[in-house]
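Next up, upload13.txt (compact mmCIF, N, CA and C atoms):
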# COMPACT_ATOMS: atom_id res chain seq x y z
N MET A 1 -7.72 -24.50 -16.25
CA MET A 1 -7.37 -24.88 -14.89
C MET A 1 -8.58 -24.64 -13.99
N GLU A 2 -8.93 -25.61 -13.20
CA GLU A 2 -10.10 -25.47 -12.34
C GLU A 2 -9.80 -24.57 -11.15
N LEU A 3 -10.84 -23.98 -10.60
CA LEU A 3 -10.73 -22.96 -9.55
C LEU A 3 -9.94 -23.45 -8.34
N GLY A 4 -10.28 -24.61 -7.81
CA GLY A 4 -9.57 -25.13 -6.63
C GLY A 4 -8.08 -25.28 -6.88
N HIS A 5 -7.74 -25.75 -8.07
CA HIS A 5 -6.33 -25.92 -8.43
C HIS A 5 -5.63 -24.56 -8.49
N MET A 6 -6.31 -23.57 -9.10
CA MET A 6 -5.72 -22.23 -9.17
C MET A 6 -5.49 -21.66 -7.78
N GLN A 7 -6.45 -21.86 -6.88
CA GLN A 7 -6.31 -21.34 -5.51
C GLN A 7 -5.15 -22.01 -4.78
N ARG A 8 -5.01 -23.32 -4.92
CA ARG A 8 -3.89 -24.02 -4.28
C ARG A 8 -2.56 -23.55 -4.88
N THR A 9 -2.54 -23.38 -6.19
CA THR A 9 -1.33 -22.90 -6.86
C THR A 9 -0.94 -21.53 -6.34
N MET A 10 -1.95 -20.67 -6.18
CA MET A 10 -1.65 -19.33 -5.70
C MET A 10 -1.12 -19.35 -4.27
N VAL A 11 -1.73 -20.12 -3.39
CA VAL A 11 -1.26 -20.22 -2.00
C VAL A 11 0.18 -20.74 -1.98
N ASP A 12 0.46 -21.79 -2.74
CA ASP A 12 1.82 -22.34 -2.79
C ASP A 12 2.82 -21.33 -3.33
N TYR A 13 2.41 -20.62 -4.37
CA TYR A 13 3.29 -19.62 -4.97
C TYR A 13 3.56 -18.48 -4.00
N LYS A 14 2.51 -18.02 -3.33
CA LYS A 14 2.68 -16.94 -2.37
C LYS A 14 3.59 -17.39 -1.21
N LYS A 15 3.43 -18.62 -0.75
CA LYS A 15 4.31 -19.14 0.31
C LYS A 15 5.76 -19.13 -0.16
N SER A 16 5.99 -19.54 -1.40
CA SER A 16 7.36 -19.56 -1.90
C SER A 16 7.93 -18.15 -2.00
N LEU A 17 7.10 -17.17 -2.34
CA LEU A 17 7.57 -15.79 -2.41
C LEU A 17 7.94 -15.26 -1.03
N PHE A 18 7.20 -15.67 -0.01
CA PHE A 18 7.55 -15.30 1.36
C PHE A 18 8.86 -15.98 1.77
N MET A 19 8.97 -17.26 1.49
CA MET A 19 10.16 -18.01 1.89
C MET A 19 11.42 -17.49 1.20
N GLU A 20 11.28 -17.03 -0.05
CA GLU A 20 12.43 -16.52 -0.79
C GLU A 20 12.72 -15.06 -0.49
N GLY A 21 11.84 -14.41 0.28
CA GLY A 21 12.07 -13.02 0.67
C GLY A 21 11.52 -11.98 -0.27
N PHE A 22 10.76 -12.40 -1.29
CA PHE A 22 10.16 -11.42 -2.20
C PHE A 22 8.98 -10.72 -1.54
N LEU A 23 8.30 -11.42 -0.65
CA LEU A 23 7.20 -10.85 0.10
C LEU A 23 7.57 -10.90 1.58
N ASP A 24 7.02 -9.94 2.34
CA ASP A 24 7.28 -9.92 3.78
C ASP A 24 6.04 -9.39 4.50
N ASP A 25 6.21 -9.09 5.78
CA ASP A 25 5.08 -8.61 6.57
C ASP A 25 4.51 -7.30 6.04
N GLN A 26 5.35 -6.47 5.44
CA GLN A 26 4.84 -5.22 4.87
C GLN A 26 3.85 -5.50 3.75
N PHE A 27 4.13 -6.53 2.96
CA PHE A 27 3.19 -6.90 1.90
C PHE A 27 1.88 -7.38 2.51
N SER A 28 1.97 -8.15 3.58
CA SER A 28 0.76 -8.62 4.27
C SER A 28 -0.04 -7.45 4.81
N GLN A 29 0.65 -6.47 5.38
CA GLN A 29 -0.02 -5.28 5.90
C GLN A 29 -0.70 -4.50 4.77
N LEU A 30 -0.03 -4.42 3.64
CA LEU A 30 -0.60 -3.75 2.48
C LEU A 30 -1.88 -4.47 2.03
N GLN A 31 -1.85 -5.79 2.03
CA GLN A 31 -3.03 -6.56 1.65
C GLN A 31 -4.20 -6.32 2.61
N GLN A 32 -3.90 -6.09 3.87
CA GLN A 32 -4.95 -5.85 4.85
C GLN A 32 -5.67 -4.53 4.60
N LEU A 33 -5.05 -3.62 3.88
CA LEU A 33 -5.68 -2.34 3.54
C LEU A 33 -6.66 -2.47 2.37
N GLN A 34 -6.61 -3.59 1.69
CA GLN A 34 -7.50 -3.83 0.55
C GLN A 34 -8.83 -4.38 1.04
N ASP A 35 -9.92 -3.87 0.47
CA ASP A 35 -11.25 -4.37 0.84
C ASP A 35 -12.17 -4.33 -0.38
N GLU A 36 -13.45 -4.63 -0.17
CA GLU A 36 -14.39 -4.67 -1.31
C GLU A 36 -14.52 -3.33 -2.02
N SER A 37 -14.35 -2.23 -1.26
CA SER A 37 -14.49 -0.92 -1.89
C SER A 37 -13.31 -0.60 -2.80
N ASN A 38 -12.19 -1.25 -2.60
CA ASN A 38 -11.01 -1.03 -3.45
C ASN A 38 -10.29 -2.37 -3.63
N PRO A 39 -10.88 -3.28 -4.44
CA PRO A 39 -10.33 -4.64 -4.56
C PRO A 39 -8.99 -4.72 -5.28
N ASP A 40 -8.60 -3.67 -5.98
CA ASP A 40 -7.33 -3.68 -6.71
C ASP A 40 -6.26 -2.83 -6.03
N PHE A 41 -6.45 -2.52 -4.75
CA PHE A 41 -5.56 -1.62 -4.03
C PHE A 41 -4.10 -2.05 -4.11
N VAL A 42 -3.82 -3.31 -3.79
CA VAL A 42 -2.44 -3.80 -3.76
C VAL A 42 -1.82 -3.74 -5.15
N ILE A 43 -2.58 -4.17 -6.14
CA ILE A 43 -2.06 -4.15 -7.52
C ILE A 43 -1.76 -2.71 -7.93
N GLU A 44 -2.64 -1.77 -7.57
CA GLU A 44 -2.42 -0.37 -7.93
C GLU A 44 -1.18 0.20 -7.25
N VAL A 45 -1.01 -0.09 -5.95
CA VAL A 45 0.16 0.42 -5.22
C VAL A 45 1.44 -0.17 -5.80
N VAL A 46 1.46 -1.47 -6.03
CA VAL A 46 2.66 -2.12 -6.57
C VAL A 46 2.93 -1.65 -8.00
N SER A 47 1.89 -1.43 -8.78
CA SER A 47 2.07 -0.93 -10.15
C SER A 47 2.70 0.47 -10.14
N LEU A 48 2.26 1.32 -9.22
CA LEU A 48 2.87 2.65 -9.09
C LEU A 48 4.34 2.53 -8.70
N PHE A 49 4.62 1.60 -7.78
CA PHE A 49 6.02 1.36 -7.39
C PHE A 49 6.84 0.92 -8.61
N PHE A 50 6.30 0.00 -9.42
CA PHE A 50 7.01 -0.47 -10.61
C PHE A 50 7.28 0.69 -11.57
N GLU A 51 6.27 1.52 -11.81
CA GLU A 51 6.44 2.65 -12.73
C GLU A 51 7.52 3.60 -12.23
N ASP A 52 7.45 3.97 -10.96
CA ASP A 52 8.45 4.89 -10.39
C ASP A 52 9.84 4.27 -10.42
N SER A 53 9.93 3.00 -10.03
CA SER A 53 11.23 2.33 -9.98
C SER A 53 11.85 2.21 -11.36
N GLU A 54 11.03 1.88 -12.34
CA GLU A 54 11.56 1.74 -13.70
C GLU A 54 12.08 3.08 -14.21
N ARG A 55 11.35 4.15 -13.92
CA ARG A 55 11.80 5.49 -14.33
C ARG A 55 13.12 5.83 -13.65
N ILE A 56 13.21 5.56 -12.35
CA ILE A 56 14.43 5.86 -11.61
C ILE A 56 15.60 5.02 -12.12
N LEU A 57 15.38 3.74 -12.35
CA LEU A 57 16.46 2.88 -12.87
C LEU A 57 16.93 3.35 -14.25
N ASN A 58 15.99 3.77 -15.10
CA ASN A 58 16.38 4.28 -16.42
C ASN A 58 17.16 5.59 -16.28
N ASP A 59 16.73 6.47 -15.36
CA ASP A 59 17.47 7.72 -15.11
C ASP A 59 18.88 7.42 -14.62
N LEU A 60 18.99 6.46 -13.70
CA LEU A 60 20.31 6.07 -13.19
C LEU A 60 21.20 5.54 -14.31
N SER A 61 20.64 4.69 -15.15
CA SER A 61 21.41 4.13 -16.27
C SER A 61 21.94 5.22 -17.18
N SER A 62 21.08 6.15 -17.55
CA SER A 62 21.53 7.20 -18.47
C SER A 62 22.50 8.17 -17.78
N THR A 63 22.30 8.45 -16.50
CA THR A 63 23.21 9.33 -15.77
C THR A 63 24.59 8.69 -15.65
N LEU A 64 24.64 7.40 -15.29
CA LEU A 64 25.92 6.72 -15.12
C LEU A 64 26.63 6.45 -16.45
N ALA A 65 25.91 6.51 -17.55
CA ALA A 65 26.51 6.28 -18.87
C ALA A 65 27.16 7.53 -19.44
N GLN A 66 26.95 8.66 -18.79
CA GLN A 66 27.53 9.92 -19.27
C GLN A 66 29.04 9.93 -19.03
N PRO A 67 29.80 10.61 -19.91
CA PRO A 67 31.25 10.70 -19.70
C PRO A 67 31.60 11.39 -18.38
N SER A 68 30.82 12.39 -18.03
CA SER A 68 31.02 13.09 -16.77
C SER A 68 29.78 12.86 -15.92
N VAL A 69 29.88 11.98 -14.94
CA VAL A 69 28.72 11.56 -14.15
C VAL A 69 28.37 12.63 -13.12
N ASP A 70 27.10 13.01 -13.12
CA ASP A 70 26.58 13.96 -12.12
C ASP A 70 26.14 13.14 -10.90
N PHE A 71 27.03 13.03 -9.92
CA PHE A 71 26.76 12.18 -8.77
C PHE A 71 25.67 12.75 -7.86
N LYS A 72 25.41 14.04 -7.95
CA LYS A 72 24.29 14.61 -7.19
C LYS A 72 22.98 14.04 -7.72
N LYS A 73 22.90 13.92 -9.04
CA LYS A 73 21.70 13.33 -9.64
C LYS A 73 21.61 11.84 -9.30
N VAL A 74 22.73 11.15 -9.30
CA VAL A 74 22.75 9.75 -8.92
C VAL A 74 22.25 9.61 -7.49
N ASP A 75 22.77 10.42 -6.58
CA ASP A 75 22.34 10.37 -5.19
C ASP A 75 20.84 10.61 -5.06
N ALA A 76 20.33 11.59 -5.76
CA ALA A 76 18.90 11.90 -5.69
C ALA A 76 18.07 10.71 -6.16
N ASN A 77 18.47 10.10 -7.27
CA ASN A 77 17.74 8.94 -7.79
C ASN A 77 17.82 7.75 -6.85
N VAL A 78 19.00 7.50 -6.34
CA VAL A 78 19.20 6.35 -5.47
C VAL A 78 18.39 6.51 -4.19
N HIS A 79 18.37 7.72 -3.64
CA HIS A 79 17.59 7.94 -2.42
C HIS A 79 16.10 7.76 -2.68
N GLN A 80 15.66 8.10 -3.88
CA GLN A 80 14.26 7.84 -4.24
C GLN A 80 14.00 6.34 -4.29
N LEU A 81 14.92 5.59 -4.81
CA LEU A 81 14.73 4.15 -4.94
C LEU A 81 14.89 3.47 -3.59
N LYS A 82 16.01 3.68 -2.95
CA LYS A 82 16.19 3.16 -1.59
C LYS A 82 17.64 3.32 -1.16
N GLY A 83 17.79 3.88 0.02
CA GLY A 83 19.09 3.93 0.69
C GLY A 83 20.19 4.64 -0.07
N SER A 84 21.32 4.00 -0.14
CA SER A 84 22.49 4.60 -0.77
C SER A 84 23.00 3.74 -1.90
N SER A 85 23.98 4.26 -2.62
CA SER A 85 24.50 3.56 -3.78
C SER A 85 26.03 3.57 -3.75
N SER A 86 26.63 2.54 -4.29
CA SER A 86 28.08 2.53 -4.42
C SER A 86 28.50 3.23 -5.70
N ARG A 87 27.53 3.71 -6.45
CA ARG A 87 27.78 4.52 -7.66
C ARG A 87 28.60 3.79 -8.70
N CYS A 88 28.20 2.59 -9.04
CA CYS A 88 28.90 1.91 -10.14
C CYS A 88 27.90 1.16 -11.00
N LEU A 89 28.24 0.99 -12.25
CA LEU A 89 27.34 0.34 -13.20
C LEU A 89 27.05 -1.10 -12.83
N ARG A 90 28.04 -1.84 -12.30
CA ARG A 90 27.83 -3.23 -11.93
C ARG A 90 26.76 -3.34 -10.85
N CYS A 91 26.81 -2.47 -9.85
CA CYS A 91 25.81 -2.49 -8.78
C CYS A 91 24.44 -2.13 -9.33
N LEU A 92 24.41 -1.18 -10.24
CA LEU A 92 23.14 -0.79 -10.85
C LEU A 92 22.53 -1.97 -11.60
N GLN A 93 23.34 -2.73 -12.31
CA GLN A 93 22.83 -3.89 -13.04
C GLN A 93 22.25 -4.92 -12.07
N GLN A 94 22.89 -5.10 -10.92
CA GLN A 94 22.39 -6.04 -9.92
C GLN A 94 21.04 -5.57 -9.39
N VAL A 95 20.92 -4.27 -9.13
CA VAL A 95 19.65 -3.72 -8.66
C VAL A 95 18.56 -3.94 -9.71
N LYS A 96 18.91 -3.69 -10.96
CA LYS A 96 17.93 -3.88 -12.03
C LYS A 96 17.48 -5.35 -12.11
N GLN A 97 18.42 -6.28 -12.03
CA GLN A 97 18.07 -7.69 -12.10
C GLN A 97 17.14 -8.09 -10.96
N GLU A 98 17.46 -7.63 -9.75
CA GLU A 98 16.60 -7.93 -8.60
C GLU A 98 15.22 -7.30 -8.76
N TYR A 99 15.18 -6.08 -9.25
CA TYR A 99 13.91 -5.39 -9.48
C TYR A 99 13.05 -6.19 -10.44
N TYR A 100 13.60 -6.61 -11.57
CA TYR A 100 12.81 -7.34 -12.56
C TYR A 100 12.39 -8.72 -12.04
N LEU A 101 13.21 -9.33 -11.22
CA LEU A 101 12.85 -10.60 -10.61
C LEU A 101 11.64 -10.42 -9.68
N VAL A 102 11.69 -9.39 -8.84
CA VAL A 102 10.56 -9.11 -7.94
C VAL A 102 9.32 -8.75 -8.76
N LYS A 103 9.50 -7.91 -9.76
CA LYS A 103 8.37 -7.50 -10.60
C LYS A 103 7.71 -8.70 -11.26
N ASN A 104 8.49 -9.58 -11.84
CA ASN A 104 7.94 -10.77 -12.52
C ASN A 104 7.19 -11.67 -11.54
N ASN A 105 7.77 -11.87 -10.35
CA ASN A 105 7.11 -12.72 -9.36
C ASN A 105 5.79 -12.13 -8.90
N LEU A 106 5.76 -10.84 -8.62
CA LEU A 106 4.51 -10.21 -8.17
C LEU A 106 3.47 -10.16 -9.29
N GLU A 107 3.91 -9.92 -10.51
CA GLU A 107 2.96 -9.93 -11.63
C GLU A 107 2.34 -11.31 -11.79
N THR A 108 3.12 -12.37 -11.61
CA THR A 108 2.58 -13.72 -11.67
C THR A 108 1.55 -13.93 -10.57
N LEU A 109 1.88 -13.48 -9.36
CA LEU A 109 0.95 -13.59 -8.24
C LEU A 109 -0.36 -12.86 -8.54
N PHE A 110 -0.28 -11.65 -9.07
CA PHE A 110 -1.49 -10.89 -9.37
C PHE A 110 -2.29 -11.51 -10.51
N ARG A 111 -1.62 -12.10 -11.50
CA ARG A 111 -2.34 -12.80 -12.58
C ARG A 111 -3.12 -13.97 -12.01
N LEU A 112 -2.52 -14.72 -11.08
CA LEU A 112 -3.23 -15.83 -10.44
C LEU A 112 -4.46 -15.32 -9.70
N GLU A 113 -4.31 -14.22 -8.96
CA GLU A 113 -5.45 -13.64 -8.25
C GLU A 113 -6.57 -13.28 -9.24
N GLN A 114 -6.21 -12.62 -10.32
CA GLN A 114 -7.20 -12.19 -11.30
C GLN A 114 -7.89 -13.38 -11.95
N GLN A 115 -7.15 -14.45 -12.22
CA GLN A 115 -7.75 -15.64 -12.82
C GLN A 115 -8.74 -16.28 -11.86
N ILE A 116 -8.39 -16.32 -10.59
CA ILE A 116 -9.29 -16.89 -9.58
C ILE A 116 -10.56 -16.08 -9.48
N VAL A 117 -10.43 -14.76 -9.42
CA VAL A 117 -11.60 -13.88 -9.34
C VAL A 117 -12.45 -14.00 -10.61
N ALA A 118 -11.79 -14.05 -11.77
CA ALA A 118 -12.52 -14.17 -13.04
C ALA A 118 -13.27 -15.49 -13.13
N ALA A 119 -12.74 -16.53 -12.45
CA ALA A 119 -13.40 -17.84 -12.46
C ALA A 119 -14.52 -17.90 -11.41
N GLY A 120 -14.73 -16.78 -10.71
CA GLY A 120 -15.81 -16.72 -9.73
C GLY A 120 -15.42 -17.15 -8.34
N GLY A 121 -14.13 -17.31 -8.10
CA GLY A 121 -13.68 -17.76 -6.79
C GLY A 121 -13.18 -16.63 -5.92
N ALA A 122 -12.93 -16.96 -4.68
CA ALA A 122 -12.35 -16.01 -3.74
C ALA A 122 -10.85 -16.26 -3.65
N VAL A 123 -10.10 -15.18 -3.51
CA VAL A 123 -8.65 -15.30 -3.38
C VAL A 123 -8.36 -15.93 -2.02
N PRO A 124 -7.65 -17.05 -2.01
CA PRO A 124 -7.39 -17.74 -0.74
C PRO A 124 -6.40 -16.99 0.12
N THR A 125 -6.57 -17.11 1.44
CA THR A 125 -5.61 -16.54 2.35
C THR A 125 -4.60 -17.61 2.71
N MET A 126 -3.52 -17.19 3.26
CA MET A 126 -2.44 -18.10 3.55
C MET A 126 -2.10 -18.00 5.03
N GLU A 127 -1.94 -19.14 5.66
CA GLU A 127 -1.52 -19.15 7.05
C GLU A 127 -0.05 -18.76 7.11
N MET A 128 0.27 -17.86 8.01
CA MET A 128 1.64 -17.36 8.14
C MET A 128 2.42 -18.23 9.11
N SER A 129 2.97 -19.34 8.62
CA SER A 129 3.75 -20.22 9.48
C SER A 129 5.06 -20.55 8.78
N TYR A 130 6.03 -19.70 8.99
CA TYR A 130 7.36 -19.96 8.42
C TYR A 130 8.41 -19.52 9.38

Represent the structure from my file as structure tokens, please.
Amino acid sequence: MELGHMQRTMVDYKKSLFMEGFLDDQFSQLQQLQDESNPDFVIEVVSLFFEDSERILNDLSSTLAQPSVDFKKVDANVHQLKGSSSRCLRCLQQVKQEYYLVKNNLETLFRLEQQIVAAGGAVPTMEMSY
């Protein structure tokens, strides 16, 4: 794939992630913290989030699978992940599905960035008009 095509693909993909709600202004702010001295800043921050989230989701799954559920542990894990929980397996599965959907979309975005950089190009910026 030629560089210009990859850059257009990345801009279009990033726009779709914003429109679908996977990315927001916080992501844009995070990108603004990245510079030449730390070109992988966003990838590193998001990767840490993925690692922590996956650990928390696995802890929640094993805690909720116990015959006697320790809801204090559930609360602690849920607060680490975000907000509150209805404390049921069905809701946990929904959270997991959403997490993996976000993770896959961001990993695709970062792969596109890396391919563009590897091809010697600059990562294109996107006009925020939505």

Find the residues around Met1 of chain A up to 10 Å (only C-alpha atoms counted), leave out those fewer than 4 positions away in its own chain, and share them as a PDB file with N, CA and C atoms, in the coordinates of the input.
ATOM      1  N   HIS A   5      -7.740 -25.750  -8.070  1.00  0.00           N
ATOM      2  CA  HIS A   5      -6.330 -25.920  -8.430  1.00  0.00           C
ATOM      3  C   HIS A   5      -5.630 -24.560  -8.490  1.00  0.00           C
ATOM      4  N   MET A   6      -6.310 -23.570  -9.100  1.00  0.00           N
ATOM      5  CA  MET A   6      -5.720 -22.230  -9.170  1.00  0.00           C
ATOM      6  C   MET A   6      -5.490 -21.660  -7.780  1.00  0.00           C
ATOM      7  N   GLN A 115      -7.150 -14.450 -12.220  1.00  0.00           N
ATOM      8  CA  GLN A 115      -7.750 -15.640 -12.820  1.00  0.00           C
ATOM      9  C   GLN A 115      -8.740 -16.280 -11.860  1.00  0.00           C
ATOM     10  N   ILE A 116      -8.390 -16.320 -10.590  1.00  0.00           N
ATOM     11  CA  ILE A 116      -9.290 -16.890  -9.580  1.00  0.00           C
ATOM     12  C   ILE A 116     -10.560 -16.080  -9.480  1.00  0.00           C
ATOM     13  N   ALA A 119     -12.740 -16.530 -12.450  1.00  0.00           N
ATOM     14  CA  ALA A 119     -13.400 -17.840 -12.460  1.00  0.00           C
ATOM     15  C   ALA A 119     -14.520 -17.900 -11.410  1.00  0.00           C
TER      16      ALA A 119
END

- Task: One decimal, Å: what's the distance from atom N of Val45 of chain A over to atom C of Tyr99 of chain A, could you say?
- Result: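 Atom-to-atom, atom N of Val45 of chain A and atom C of Tyr99 of chain A are spaced 16.0 Å apart.
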
- Task: Within chain A, find each residue whose DSSP state, derived from the backbone, is alpha helix (DSSP H), and express the selection as an MDAnalysis selection string.
- Result: chainID A and resid 3:19 25:32 41:64 71:81 89:118

- Task: Would you mind listing what lies within 7 Å of segment 120-125 of chain A as a list in words, with all atoms listed in the file counted and same-chain residues fewer than 2 positions away left out?
- Result: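 Contacts, with the query itself left out: Leu3, Gln7, Val11, Glu113, Gln115, Ile116, Val117, Ala118 and Glu127 of chain A.
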
Write out the residues from the selection above, keeping N, CA and C atoms, as a JSON list (two decimals), in the frame of the given file.
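Contents of again-v4.json, freshly written:
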[["chain", "number", "residue", "atom", "x", "y", "z"],
["A", 3, "LEU", "N", -10.84, -23.98, -10.60],
["A", 3, "LEU", "CA", -10.73, -22.96, -9.55],
["A", 3, "LEU", "C", -9.94, -23.45, -8.34],
["A", 7, "GLN", "N", -6.45, -21.86, -6.88],
["A", 7, "GLN", "CA", -6.31, -21.34, -5.51],
["A", 7, "GLN", "C", -5.15, -22.01, -4.78],
["A", 11, "VAL", "N", -1.73, -20.12, -3.39],
["A", 11, "VAL", "CA", -1.26, -20.22, -2.00],
["A", 11, "VAL", "C", 0.18, -20.74, -1.98],
["A", 113, "GLU", "N", -4.31, -14.22, -8.96],
["A", 113, "GLU", "CA", -5.45, -13.64, -8.25],
["A", 113, "GLU", "C", -6.57, -13.28, -9.24],
["A", 115, "GLN", "N", -7.15, -14.45, -12.22],
["A", 115, "GLN", "CA", -7.75, -15.64, -12.82],
["A", 115, "GLN", "C", -8.74, -16.28, -11.86],
["A", 116, "ILE", "N", -8.39, -16.32, -10.59],
["A", 116, "ILE", "CA", -9.29, -16.89, -9.58],
["A", 116, "ILE", "C", -10.56, -16.08, -9.48],
["A", 117, "VAL", "N", -10.43, -14.76, -9.42],
["A", 117, "VAL", "CA", -11.60, -13.88, -9.34],
["A", 117, "VAL", "C", -12.45, -14.00, -10.61],
["A", 118, "ALA", "N", -11.79, -14.05, -11.77],
["A", 118, "ALA", "CA", -12.52, -14.17, -13.04],
["A", 118, "ALA", "C", -13.27, -15.49, -13.13],
["A", 127, "GLU", "N", -1.94, -19.14, 5.66],
["A", 127, "GLU", "CA", -1.52, -19.15, 7.05],
["A", 127, "GLU", "C", -0.05, -18.76, 7.11]]

- Query: How far is it from atom CA of Gln31 of chain A to atom CA of Arg111 of chain A, in Å with one decimal?
  - Reply: 15.6 Å

- Query: atom CA of Phe50 of chain A and atom C of Glu98 of chain A, how far apart in Å?
  - Reply: 10.8 Å

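Considering only C-alpha atoms, the residue among A:Gln114, A:Asn77, A:Gln32, A:Asn38 positioned nearest to Thr63 of chain A is A:Asn77.
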
- Of the listed residues A:Asn58, A:Gln93, A:Ser16, A:Ser53, that which approaches Leu81 of chain A most closely, counting only N, CA and C atoms: A:Ser53

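Candidate residues A:Lys72, A:Phe110, A:Arg55, A:Asp24 were compared for distance to Lys96 of chain A, and the nearest is A:Arg55, using only C-alpha atoms.
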